[in-house]
file model-v6.pdb (PDB, C-alpha atoms)
ATOM      1  CA  MET A   1       0.000   0.000   0.000
ATOM      2  CA  SER A   2       2.636   2.503   1.001
ATOM      3  CA  LYS A   3       4.741   1.413  -1.953
ATOM      4  CA  GLN A   4       1.813   2.247  -4.206
ATOM      5  CA  LYS A   5       1.567   5.690  -2.599
ATOM      6  CA  ASN A   6       5.278   6.251  -3.115
ATOM      7  CA  ARG A   7       4.947   5.416  -6.769
ATOM      8  CA  THR A   8       2.100   7.867  -7.234
ATOM      9  CA  ALA A   9       4.140  10.598  -5.546
ATOM     10  CA  TYR A  10       7.214   9.681  -7.601
ATOM     11  CA  LEU A  11       5.313   9.881 -10.896
ATOM     12  CA  ALA A  12       3.763  13.191  -9.855
ATOM     13  CA  ILE A  13       7.201  14.628  -9.091
ATOM     14  CA  MET A  14       8.549  13.468 -12.459
ATOM     15  CA  LEU A  15       5.607  15.078 -14.248
ATOM     16  CA  THR A  16       6.066  18.309 -12.294
ATOM     17  CA  VAL A  17       9.760  18.460 -13.176
ATOM     18  CA  CYS A  18       8.772  18.076 -16.859
ATOM     19  CA  LEU A  19       6.235  20.886 -16.573
ATOM     20  CA  ILE A  20       8.785  23.206 -14.967
ATOM     21  CA  PHE A  21      11.268  22.457 -17.769
ATOM     22  CA  GLY A  22       8.498  23.062 -20.304
ATOM     23  CA  TYR A  23       7.687  26.405 -18.692
ATOM     24  CA  ILE A  24      11.340  27.478 -18.616
ATOM     25  CA  GLU A  25      11.675  26.612 -22.306
ATOM     26  CA  SER A  26       8.544  28.550 -23.176
ATOM     27  CA  VAL A  27       9.794  31.748 -21.488
ATOM     28  CA  ILE A  28      13.311  31.534 -22.923
ATOM     29  CA  PRO A  29      12.695  31.040 -26.638
ATOM     30  CA  LEU A  30      15.694  29.738 -28.506
ATOM     31  CA  ASN A  31      15.215  31.457 -31.851
ATOM     32  CA  LEU A  32      17.241  29.677 -34.497
ATOM     33  CA  GLY A  33      14.914  30.667 -37.321
ATOM     34  CA  PHE A  34      13.183  27.335 -37.119
ATOM     35  CA  PRO A  35       9.676  27.083 -35.746
ATOM     36  CA  GLY A  36       9.707  25.804 -32.205
ATOM     37  CA  ALA A  37      13.385  24.809 -31.999
ATOM     38  CA  LYS A  38      14.293  23.957 -28.420
ATOM     39  CA  ILE A  39      16.556  21.687 -26.401
ATOM     40  CA  GLY A  40      13.720  19.593 -25.039
ATOM     41  CA  ILE A  41      15.085  19.397 -21.497
ATOM     42  CA  CYS A  42      12.162  17.204 -20.498
ATOM     43  CA  ASN A  43      13.708  14.467 -22.612
ATOM     44  CA  ILE A  44      16.116  13.950 -19.676
ATOM     45  CA  VAL A  45      13.200  12.950 -17.446
ATOM     46  CA  ILE A  46      11.605  10.722 -20.091
ATOM     47  CA  LEU A  47      14.853   8.881 -20.905
ATOM     48  CA  LEU A  48      15.633   8.479 -17.209
ATOM     49  CA  MET A  49      12.174   6.980 -16.673
ATOM     50  CA  LEU A  50      12.586   4.663 -19.676
ATOM     51  CA  LYS A  51      15.790   3.360 -18.103
ATOM     52  CA  ARG A  52      14.388   3.063 -14.575
ATOM     53  CA  ASP A  53      10.621   2.612 -14.754
ATOM     54  CA  GLY A  54       9.877   1.114 -18.147
ATOM     55  CA  LEU A  55       7.901   2.100 -21.206
ATOM     56  CA  PHE A  56       4.440   2.495 -19.693
ATOM     57  CA  ALA A  57       5.435   4.979 -16.993
ATOM     58  CA  ALA A  58       7.662   7.021 -19.310
ATOM     59  CA  LEU A  59       5.124   7.161 -22.129
ATOM     60  CA  SER A  60       2.245   8.124 -19.818
ATOM     61  CA  ILE A  61       4.250  10.924 -18.211
ATOM     62  CA  ASN A  62       5.353  12.169 -21.614
ATOM     63  CA  ILE A  63       1.816  12.230 -23.023
ATOM     64  CA  LEU A  64       0.523  14.030 -19.916
ATOM     65  CA  ARG A  65       3.308  16.586 -20.002
ATOM     66  CA  ILE A  66       2.733  17.290 -23.717
ATOM     67  CA  LEU A  67      -0.997  17.784 -23.105
ATOM     68  CA  ILE A  68      -0.442  20.067 -20.104
ATOM     69  CA  THR A  69       2.490  22.174 -21.406
ATOM     70  CA  ASN A  70       0.851  22.759 -24.783
ATOM     71  CA  ILE A  71      -2.499  23.722 -23.286
ATOM     72  CA  LEU A  72      -0.869  25.985 -20.674
ATOM     73  CA  PHE A  73       2.073  27.577 -22.471
ATOM     74  CA  VAL A  74       1.850  27.047 -26.226
ATOM     75  CA  GLY A  75      -1.692  26.593 -27.482
ATOM     76  CA  VAL A  76      -3.929  23.619 -28.211
ATOM     77  CA  PHE A  77      -3.098  23.814 -31.911
ATOM     78  CA  SER A  78       0.482  22.625 -31.423
ATOM     79  CA  LEU A  79      -0.774  19.321 -29.969
ATOM     80  CA  SER A  80      -1.337  18.025 -33.497
ATOM     81  CA  TYR A  81       2.403  17.769 -34.071
ATOM     82  CA  ALA A  82       3.771  17.701 -30.508
ATOM     83  CA  LEU A  83       1.842  14.572 -29.539
ATOM     84  CA  PRO A  84       2.863  12.249 -32.420
ATOM     85  CA  ALA A  85       6.459  13.498 -32.173
ATOM     86  CA  GLY A  86       6.583  12.832 -28.417
ATOM     87  CA  ILE A  87       5.061   9.364 -28.687
ATOM     88  CA  ILE A  88       7.234   8.216 -31.599
ATOM     89  CA  SER A  89      10.472   9.525 -30.086
ATOM     90  CA  THR A  90       9.682   7.770 -26.790
ATOM     91  CA  LEU A  91       9.042   4.481 -28.620
ATOM     92  CA  ILE A  92      12.283   4.830 -30.605
ATOM     93  CA  MET A  93      14.316   5.527 -27.470
ATOM     94  CA  TYR A  94      12.662   2.540 -25.775
ATOM     95  CA  SER A  95      13.641   0.191 -28.617
ATOM     96  CA  LEU A  96      17.197   1.549 -28.852
ATOM     97  CA  LEU A  97      17.730   1.112 -25.100
ATOM     98  CA  LYS A  98      17.523  -2.635 -25.719
ATOM     99  CA  PHE A  99      20.877  -2.501 -27.554
ATOM    100  CA  PRO A 100      23.720  -2.910 -25.067
ATOM    101  CA  THR A 101      26.194  -1.306 -27.495
ATOM    102  CA  LEU A 102      24.381   2.048 -27.346
ATOM    103  CA  SER A 103      24.794   4.606 -24.563
ATOM    104  CA  SER A 104      22.245   7.182 -23.380
ATOM    105  CA  LEU A 105      23.931   9.707 -25.669
ATOM    106  CA  SER A 106      22.977   8.078 -28.947
ATOM    107  CA  VAL A 107      19.616   6.829 -27.656
ATOM    108  CA  SER A 108      18.749  10.417 -26.729
ATOM    109  CA  ALA A 109      20.201  11.763 -29.990
ATOM    110  CA  ALA A 110      18.043   9.365 -32.014
ATOM    111  CA  GLY A 111      15.024  10.376 -29.915
ATOM    112  CA  GLY A 112      15.660  14.066 -30.557
ATOM    113  CA  ALA A 113      16.210  13.539 -34.273
ATOM    114  CA  ALA A 114      13.084  11.368 -34.584
ATOM    115  CA  HIS A 115      11.045  13.925 -32.640
ATOM    116  CA  ASN A 116      11.989  16.719 -35.037
ATOM    117  CA  LEU A 117      11.609  14.566 -38.124
ATOM    118  CA  VAL A 118       8.045  13.650 -37.147
ATOM    119  CA  GLN A 119       7.206  17.303 -36.451
ATOM    120  CA  ALA A 120       8.518  18.369 -39.863
ATOM    121  CA  LEU A 121       6.593  15.524 -41.486
ATOM    122  CA  VAL A 122       3.313  16.402 -39.747
ATOM    123  CA  ALA A 123       3.787  20.089 -40.602
ATOM    124  CA  SER A 124       4.368  19.420 -44.296
ATOM    125  CA  VAL A 125       1.395  17.048 -44.468
ATOM    126  CA  MET A 126      -0.842  19.605 -42.723
ATOM    127  CA  LEU A 127       0.300  22.310 -45.115
ATOM    128  CA  SER A 128       0.186  19.914 -48.100
ATOM    129  CA  THR A 129       3.550  21.395 -49.096
ATOM    130  CA  PRO A 130       6.340  18.790 -49.446
ATOM    131  CA  SER A 131       9.047  21.457 -49.787
ATOM    132  CA  VAL A 132       8.462  22.384 -46.136
ATOM    133  CA  PHE A 133       9.698  18.935 -45.153
ATOM    134  CA  THR A 134      12.795  18.908 -47.348
ATOM    135  CA  TYR A 135      13.704  22.456 -46.309
ATOM    136  CA  PHE A 136      13.354  22.034 -42.539
ATOM    137  CA  ALA A 137      14.105  18.334 -42.004
ATOM    138  CA  PRO A 138      17.907  18.263 -42.573
ATOM    139  CA  PHE A 139      18.539  21.073 -40.096
ATOM    140  CA  LEU A 140      15.940  19.865 -37.632
ATOM    141  CA  LEU A 141      17.510  16.389 -37.679
ATOM    142  CA  LEU A 142      20.961  17.755 -36.820
ATOM    143  CA  LEU A 143      19.536  20.143 -34.209
ATOM    144  CA  GLY A 144      17.587  17.270 -32.674
ATOM    145  CA  MET A 145      20.725  15.147 -32.561
ATOM    146  CA  ALA A 146      22.771  17.911 -30.911
ATOM    147  CA  ALA A 147      20.054  18.648 -28.355
ATOM    148  CA  GLY A 148      19.645  14.919 -27.787
ATOM    149  CA  ILE A 149      23.350  14.465 -27.044
ATOM    150  CA  VAL A 150      23.211  17.280 -24.458
ATOM    151  CA  CYS A 151      20.193  15.648 -22.796
ATOM    152  CA  GLY A 152      21.818  12.228 -23.054
ATOM    153  CA  ILE A 153      24.905  13.373 -21.150
ATOM    154  CA  ALA A 154      22.709  14.877 -18.423
ATOM    155  CA  THR A 155      20.616  11.712 -18.242
ATOM    156  CA  GLU A 156      23.674   9.491 -17.896
ATOM    157  CA  LEU A 157      25.106  11.672 -15.100
ATOM    158  CA  ILE A 158      21.817  11.722 -13.178
ATOM    159  CA  PHE A 159      21.295   7.993 -13.732
ATOM    160  CA  ARG A 160      24.741   7.205 -12.242
ATOM    161  CA  ARG A 161      24.209   9.513  -9.265
ATOM    162  CA  LEU A 162      20.853   7.946  -8.485
ATOM    163  CA  LYS A 163      22.312   4.448  -8.761
ATOM    164  CA  LYS A 164      25.180   5.401  -6.457
ATOM    165  CA  ALA A 165      22.740   6.840  -3.945
ATOM    166  CA  GLY A 166      20.788   3.567  -4.081
ATOM    167  CA  LEU A 167      17.614   5.170  -5.408
TER     168      LEU A 167
ATOM    169  CA  MET B 168      30.351   7.542 -21.465
ATOM    170  CA  LEU B 169      30.310   6.867 -25.207
ATOM    171  CA  LYS B 170      29.962   3.338 -26.538
ATOM    172  CA  LYS B 171      30.947   1.849 -29.884
ATOM    173  CA  GLY B 172      27.417   1.683 -31.286
ATOM    174  CA  ASP B 173      26.871   5.404 -30.679
ATOM    175  CA  PHE B 174      28.893   6.369 -33.713
ATOM    176  CA  VAL B 175      26.671   4.169 -35.898
ATOM    177  CA  VAL B 176      23.583   6.069 -34.681
ATOM    178  CA  PHE B 177      25.255   9.468 -35.175
ATOM    179  CA  SER B 178      26.399   8.523 -38.692
ATOM    180  CA  ILE B 179      22.914   7.324 -39.666
ATOM    181  CA  ILE B 180      21.329  10.607 -38.531
ATOM    182  CA  ILE B 181      23.938  12.679 -40.376
ATOM    183  CA  ALA B 182      23.552  10.502 -43.496
ATOM    184  CA  ILE B 183      19.752  10.968 -43.519
ATOM    185  CA  SER B 184      20.078  14.741 -43.158
ATOM    186  CA  ILE B 185      22.599  14.947 -46.002
ATOM    187  CA  LEU B 186      20.292  12.826 -48.169
ATOM    188  CA  LEU B 187      17.336  15.122 -47.406
ATOM    189  CA  LEU B 188      19.485  18.172 -48.078
ATOM    190  CA  LEU B 189      20.141  16.883 -51.609
ATOM    191  CA  PHE B 190      16.386  16.858 -52.238
ATOM    192  CA  SER B 191      15.729  20.368 -51.012
ATOM    193  CA  PHE B 192      15.258  23.177 -53.501
ATOM    194  CA  ARG B 193      18.315  25.143 -54.528
ATOM    195  CA  GLY B 194      18.023  27.565 -57.413
ATOM    196  CA  LYS B 195      17.850  31.232 -58.185
ATOM    197  CA  ALA B 196      16.052  33.473 -55.723
ATOM    198  CA  GLU B 197      13.675  35.484 -57.898
ATOM    199  CA  GLN B 198      10.199  35.358 -56.466
ATOM    200  CA  ILE B 199       8.320  35.154 -53.220
ATOM    201  CA  THR B 200       5.653  32.484 -53.514
ATOM    202  CA  VAL B 201       2.763  32.206 -51.094
ATOM    203  CA  THR B 202       0.969  28.885 -50.698
ATOM    204  CA  VAL B 203      -2.173  28.366 -48.645
ATOM    205  CA  ASP B 204      -3.200  24.805 -47.821
ATOM    206  CA  GLY B 205      -1.072  23.460 -50.674
ATOM    207  CA  GLU B 206      -2.558  25.804 -53.262
ATOM    208  CA  ASN B 207      -0.805  28.740 -54.881
ATOM    209  CA  TYR B 208      -2.020  32.045 -53.422
ATOM    210  CA  GLY B 209       0.290  34.314 -55.369
ATOM    211  CA  SER B 210       3.855  34.943 -56.542
ATOM    212  CA  TYR B 211       5.554  38.298 -56.180
ATOM    213  CA  GLN B 212       8.772  39.745 -57.578
ATOM    214  CA  LYS B 213      11.378  39.718 -54.844
ATOM    215  CA  ASN B 214      12.877  43.039 -55.829
ATOM    216  CA  ARG B 215       9.633  44.994 -55.982
ATOM    217  CA  ASP B 216       8.621  46.330 -52.591
ATOM    218  CA  ARG B 217       5.051  45.627 -51.610
ATOM    219  CA  THR B 218       2.729  44.577 -48.827
ATOM    220  CA  VAL B 219       0.540  41.533 -49.287
ATOM    221  CA  LYS B 220      -2.408  40.779 -47.048
ATOM    222  CA  ILE B 221      -2.867  37.025 -46.980
ATOM    223  CA  GLU B 222      -6.519  36.585 -46.074
ATOM    224  CA  THR B 223      -7.805  33.049 -45.740
ATOM    225  CA  GLU B 224     -10.573  31.225 -43.957
ATOM    226  CA  TYR B 225      -8.046  30.402 -41.224
ATOM    227  CA  GLY B 226      -6.943  33.989 -40.498
ATOM    228  CA  GLU B 227      -4.876  36.870 -41.696
ATOM    229  CA  ASN B 228      -1.119  37.375 -42.218
ATOM    230  CA  THR B 229       0.630  40.464 -43.498
ATOM    231  CA  LEU B 230       3.595  39.787 -45.755
ATOM    232  CA  ILE B 231       6.041  42.585 -46.409
ATOM    233  CA  ILE B 232       8.508  42.429 -49.294
ATOM    234  CA  LYS B 233      11.128  45.123 -48.963
ATOM    235  CA  GLY B 234      14.650  45.468 -50.316
ATOM    236  CA  GLY B 235      14.675  41.933 -51.705
ATOM    237  CA  LYS B 236      13.654  40.387 -48.396
ATOM    238  CA  ALA B 237      10.339  39.050 -47.196
ATOM    239  CA  HIS B 238       8.924  38.761 -43.717
ATOM    240  CA  ILE B 239       5.572  38.411 -41.979
ATOM    241  CA  THR B 240       4.738  41.310 -39.676
ATOM    242  CA  LYS B 241       1.254  40.639 -38.478
ATOM    243  CA  SER B 242      -0.551  37.416 -37.900
ATOM    244  CA  ASP B 243      -3.620  36.714 -35.822
ATOM    245  CA  CYS B 244      -2.460  33.155 -35.119
ATOM    246  CA  PRO B 245      -1.759  32.033 -31.541
ATOM    247  CA  ASP B 246       1.892  30.991 -31.781
ATOM    248  CA  LYS B 247       3.428  33.844 -33.851
ATOM    249  CA  THR B 248       6.114  31.507 -35.177
ATOM    250  CA  CYS B 249       5.882  33.122 -38.616
ATOM    251  CA  GLU B 250       6.643  36.564 -37.162
ATOM    252  CA  LYS B 251       9.565  35.209 -35.158
ATOM    253  CA  THR B 252      11.098  33.506 -38.202
ATOM    254  CA  GLY B 253      12.201  36.915 -39.485
ATOM    255  CA  GLU B 254      13.395  37.813 -42.968
ATOM    256  CA  ILE B 255      13.997  35.389 -45.818
ATOM    257  CA  ASN B 256      15.782  36.094 -49.097
ATOM    258  CA  LYS B 257      17.778  33.036 -50.175
ATOM    259  CA  ALA B 258      16.446  30.356 -52.520
ATOM    260  CA  GLY B 259      14.425  27.736 -50.706
ATOM    261  CA  GLU B 260      14.088  29.724 -47.474
ATOM    262  CA  THR B 261      10.666  29.349 -45.963
ATOM    263  CA  ILE B 262       8.337  31.012 -43.485
ATOM    264  CA  VAL B 263       5.586  28.789 -42.146
ATOM    265  CA  CYS B 264       2.370  29.711 -40.369
ATOM    266  CA  LEU B 265       0.971  26.340 -39.377
ATOM    267  CA  PRO B 266      -2.360  27.478 -37.883
ATOM    268  CA  HIS B 267      -3.215  29.370 -41.092
ATOM    269  CA  LYS B 268      -1.651  26.752 -43.408
ATOM    270  CA  VAL B 269       0.399  29.520 -45.002
ATOM    271  CA  VAL B 270       3.824  28.874 -46.545
ATOM    272  CA  VAL B 271       5.973  31.728 -47.877
ATOM    273  CA  GLU B 272       8.890  30.541 -49.993
ATOM    274  CA  VAL B 273      11.717  32.080 -51.987
ATOM    275  CA  THR B 274      11.485  30.514 -55.442
ATOM    276  CA  GLU B 275      12.785  30.891 -58.980
TER     277      GLU B 275
END

call {"tool": "encode", "arguments": {"input": "model-v6.pdb", "output": "structure tokens"}}
result
Amino acid sequence: MSKQKNRTAYLAIMLTVCLIFGYIESVIPLNLGFPGAKIGICNIVILLMLKRDGLFAALSINILRILITNILFVGVFSLSYALPAGIISTLIMYSLLKFPTLSSLSVSAAGGAAHNLVQALVASVMLSTPSVFTYFAPFLLLLGMAAGIVCGIATELIFRRLKKAGL
Amino acid sequence: MLKKGDFVVFSIIIAISILLLLFSFRGKAEQITVTVDGENYGSYQKNRDRTVKIETEYGENTLIIKGGKAHITKSDCPDKTCEKTGEINKAGETIVCLPHKVVVEVTE
């Protein structure tokens, strides 16, 4: 019973951390000339949860945080591309974690790249303009990879600390 | 912290982006083309200054072409991404307003 309560509190804390990161990113826009380019700090939490708590917990927290941050800080409209991108990148990171030859860095990089690729794809389909995809995708892929590596390093450091602390 | 397989993942991502880059439009920058929901809304000479009001069923954007550069100044969309994109003038450069399904492109 108390273990169940702990888990609820733990998941709530993880979600809250994501929301705070989402808020910070929405007030400090990183304008690179690409719509909505950001580091995606919340990816640290999601990858950490994939490693520690499994797919279901990580995916649920990610979906909830996308719903809440977009409704609160961005606008309901952005859900149409944020949600598929979040779900697909989580699934890709989950499958890549199964490979022992990959570290958090490349798992996170692939997640970031996939996230941006899906967003560019959804945008170009919504606009029925294929050139949008070919114009944005190459840069968004590389940006996603770079941001993913940054998050991957952070995730690895936090993961080791938590393990050391016996949590 | 890095493992051997990481470089495979990095190389694949870089390879895909180079491949996509080869497909993207590169030509002369002559016109500013506006597309709404996949359909041509209008093409304008890049070097002739003018203001275009893009009025659609989704909302309104104001496109300004000045000194060979184009940018969107006013949009009644919620995210204002198109305004934040700034000026475009090179071939293939694009401004997108997703909520209004508006694409502004530098074309031949």

call {"tool": "residues_around", "arguments": {"input": "model-v6.pdb", "residues": "segment 54-70 of chain A", "least_positions_apart": "6", "cutoff": "12 Å", "atoms": "all atoms listed in the file", "output": "ChimeraX atom specification"}}
result
/A:7-8,10-26,36,40,42-48,76-95,97-98 /B:245-246

call {"tool": "closest_residue", "arguments": {"input": "model-v6.pdb", "among": "A:Leu50, A:Leu140, A:Ala165, A:Leu157", "to": "Asn116 of chain A", "atoms": "only C-alpha atoms"}}
result
A:Leu140

call {"tool": "atom_distance", "arguments": {"input": "model-v6.pdb", "atom1": "atom CA of Ser106 of chain A", "atom2": "atom CA of Ala182 of chain B"}}
result
14.8 Å

call {"tool": "interface_residues", "arguments": {"input": "model-v6.pdb", "of": "chain A", "to": "chain B", "cutoff": "9 Å", "atoms": "all atoms listed in the file", "output": "ChimeraX atom specification"}}
result
/A:31-36,74-75,77-78,99-107,109-110,113,123,126-142,145,153,156

call {"tool": "atom_distance", "arguments": {"input": "model-v6.pdb", "atom1": "atom CA of Asp216 of chain B", "atom2": "atom CA of Glu197 of chain B"}}
result
13.1 Å

call {"tool": "closest_residue", "arguments": {"input": "model-v6.pdb", "among": "B:Thr223, B:Gly235, B:Ser242, B:Tyr208", "to": "Ala196 of chain B", "atoms": "only C-alpha atoms"}}
result
B:Gly235

call {"tool": "decode", "arguments": {"input": "model-v6.pdb", "residues": "segment 145-165 of chain A", "atoms": "C-alpha atoms", "output": "mmCIF file, in the first residue's frame"}}
result
data_model
loop_
_atom_site.group_PDB
_atom_site.id
_atom_site.type_symbol
_atom_site.label_atom_id
_atom_site.label_comp_id
_atom_site.auth_asym_id
_atom_site.auth_seq_id
_atom_site.Cartn_x
_atom_site.Cartn_y
_atom_site.Cartn_z
ATOM 1 C CA MET A 145 20.725 15.147 -32.561
ATOM 2 C CA ALA A 146 22.771 17.911 -30.911
ATOM 3 C CA ALA A 147 20.054 18.648 -28.355
ATOM 4 C CA GLY A 148 19.645 14.919 -27.787
ATOM 5 C CA ILE A 149 23.350 14.465 -27.044
ATOM 6 C CA VAL A 150 23.211 17.280 -24.458
ATOM 7 C CA CYS A 151 20.193 15.648 -22.796
ATOM 8 C CA GLY A 152 21.818 12.228 -23.054
ATOM 9 C CA ILE A 153 24.905 13.373 -21.150
ATOM 10 C CA ALA A 154 22.709 14.877 -18.423
ATOM 11 C CA THR A 155 20.616 11.712 -18.242
ATOM 12 C CA GLU A 156 23.674 9.491 -17.896
ATOM 13 C CA LEU A 157 25.106 11.672 -15.100
ATOM 14 C CA ILE A 158 21.817 11.722 -13.178
ATOM 15 C CA PHE A 159 21.295 7.993 -13.732
ATOM 16 C CA ARG A 160 24.741 7.205 -12.242
ATOM 17 C CA ARG A 161 24.209 9.513 -9.265
ATOM 18 C CA LEU A 162 20.853 7.946 -8.485
ATOM 19 C CA LYS A 163 22.312 4.448 -8.761
ATOM 20 C CA LYS A 164 25.180 5.401 -6.457
ATOM 21 C CA ALA A 165 22.740 6.840 -3.945
#
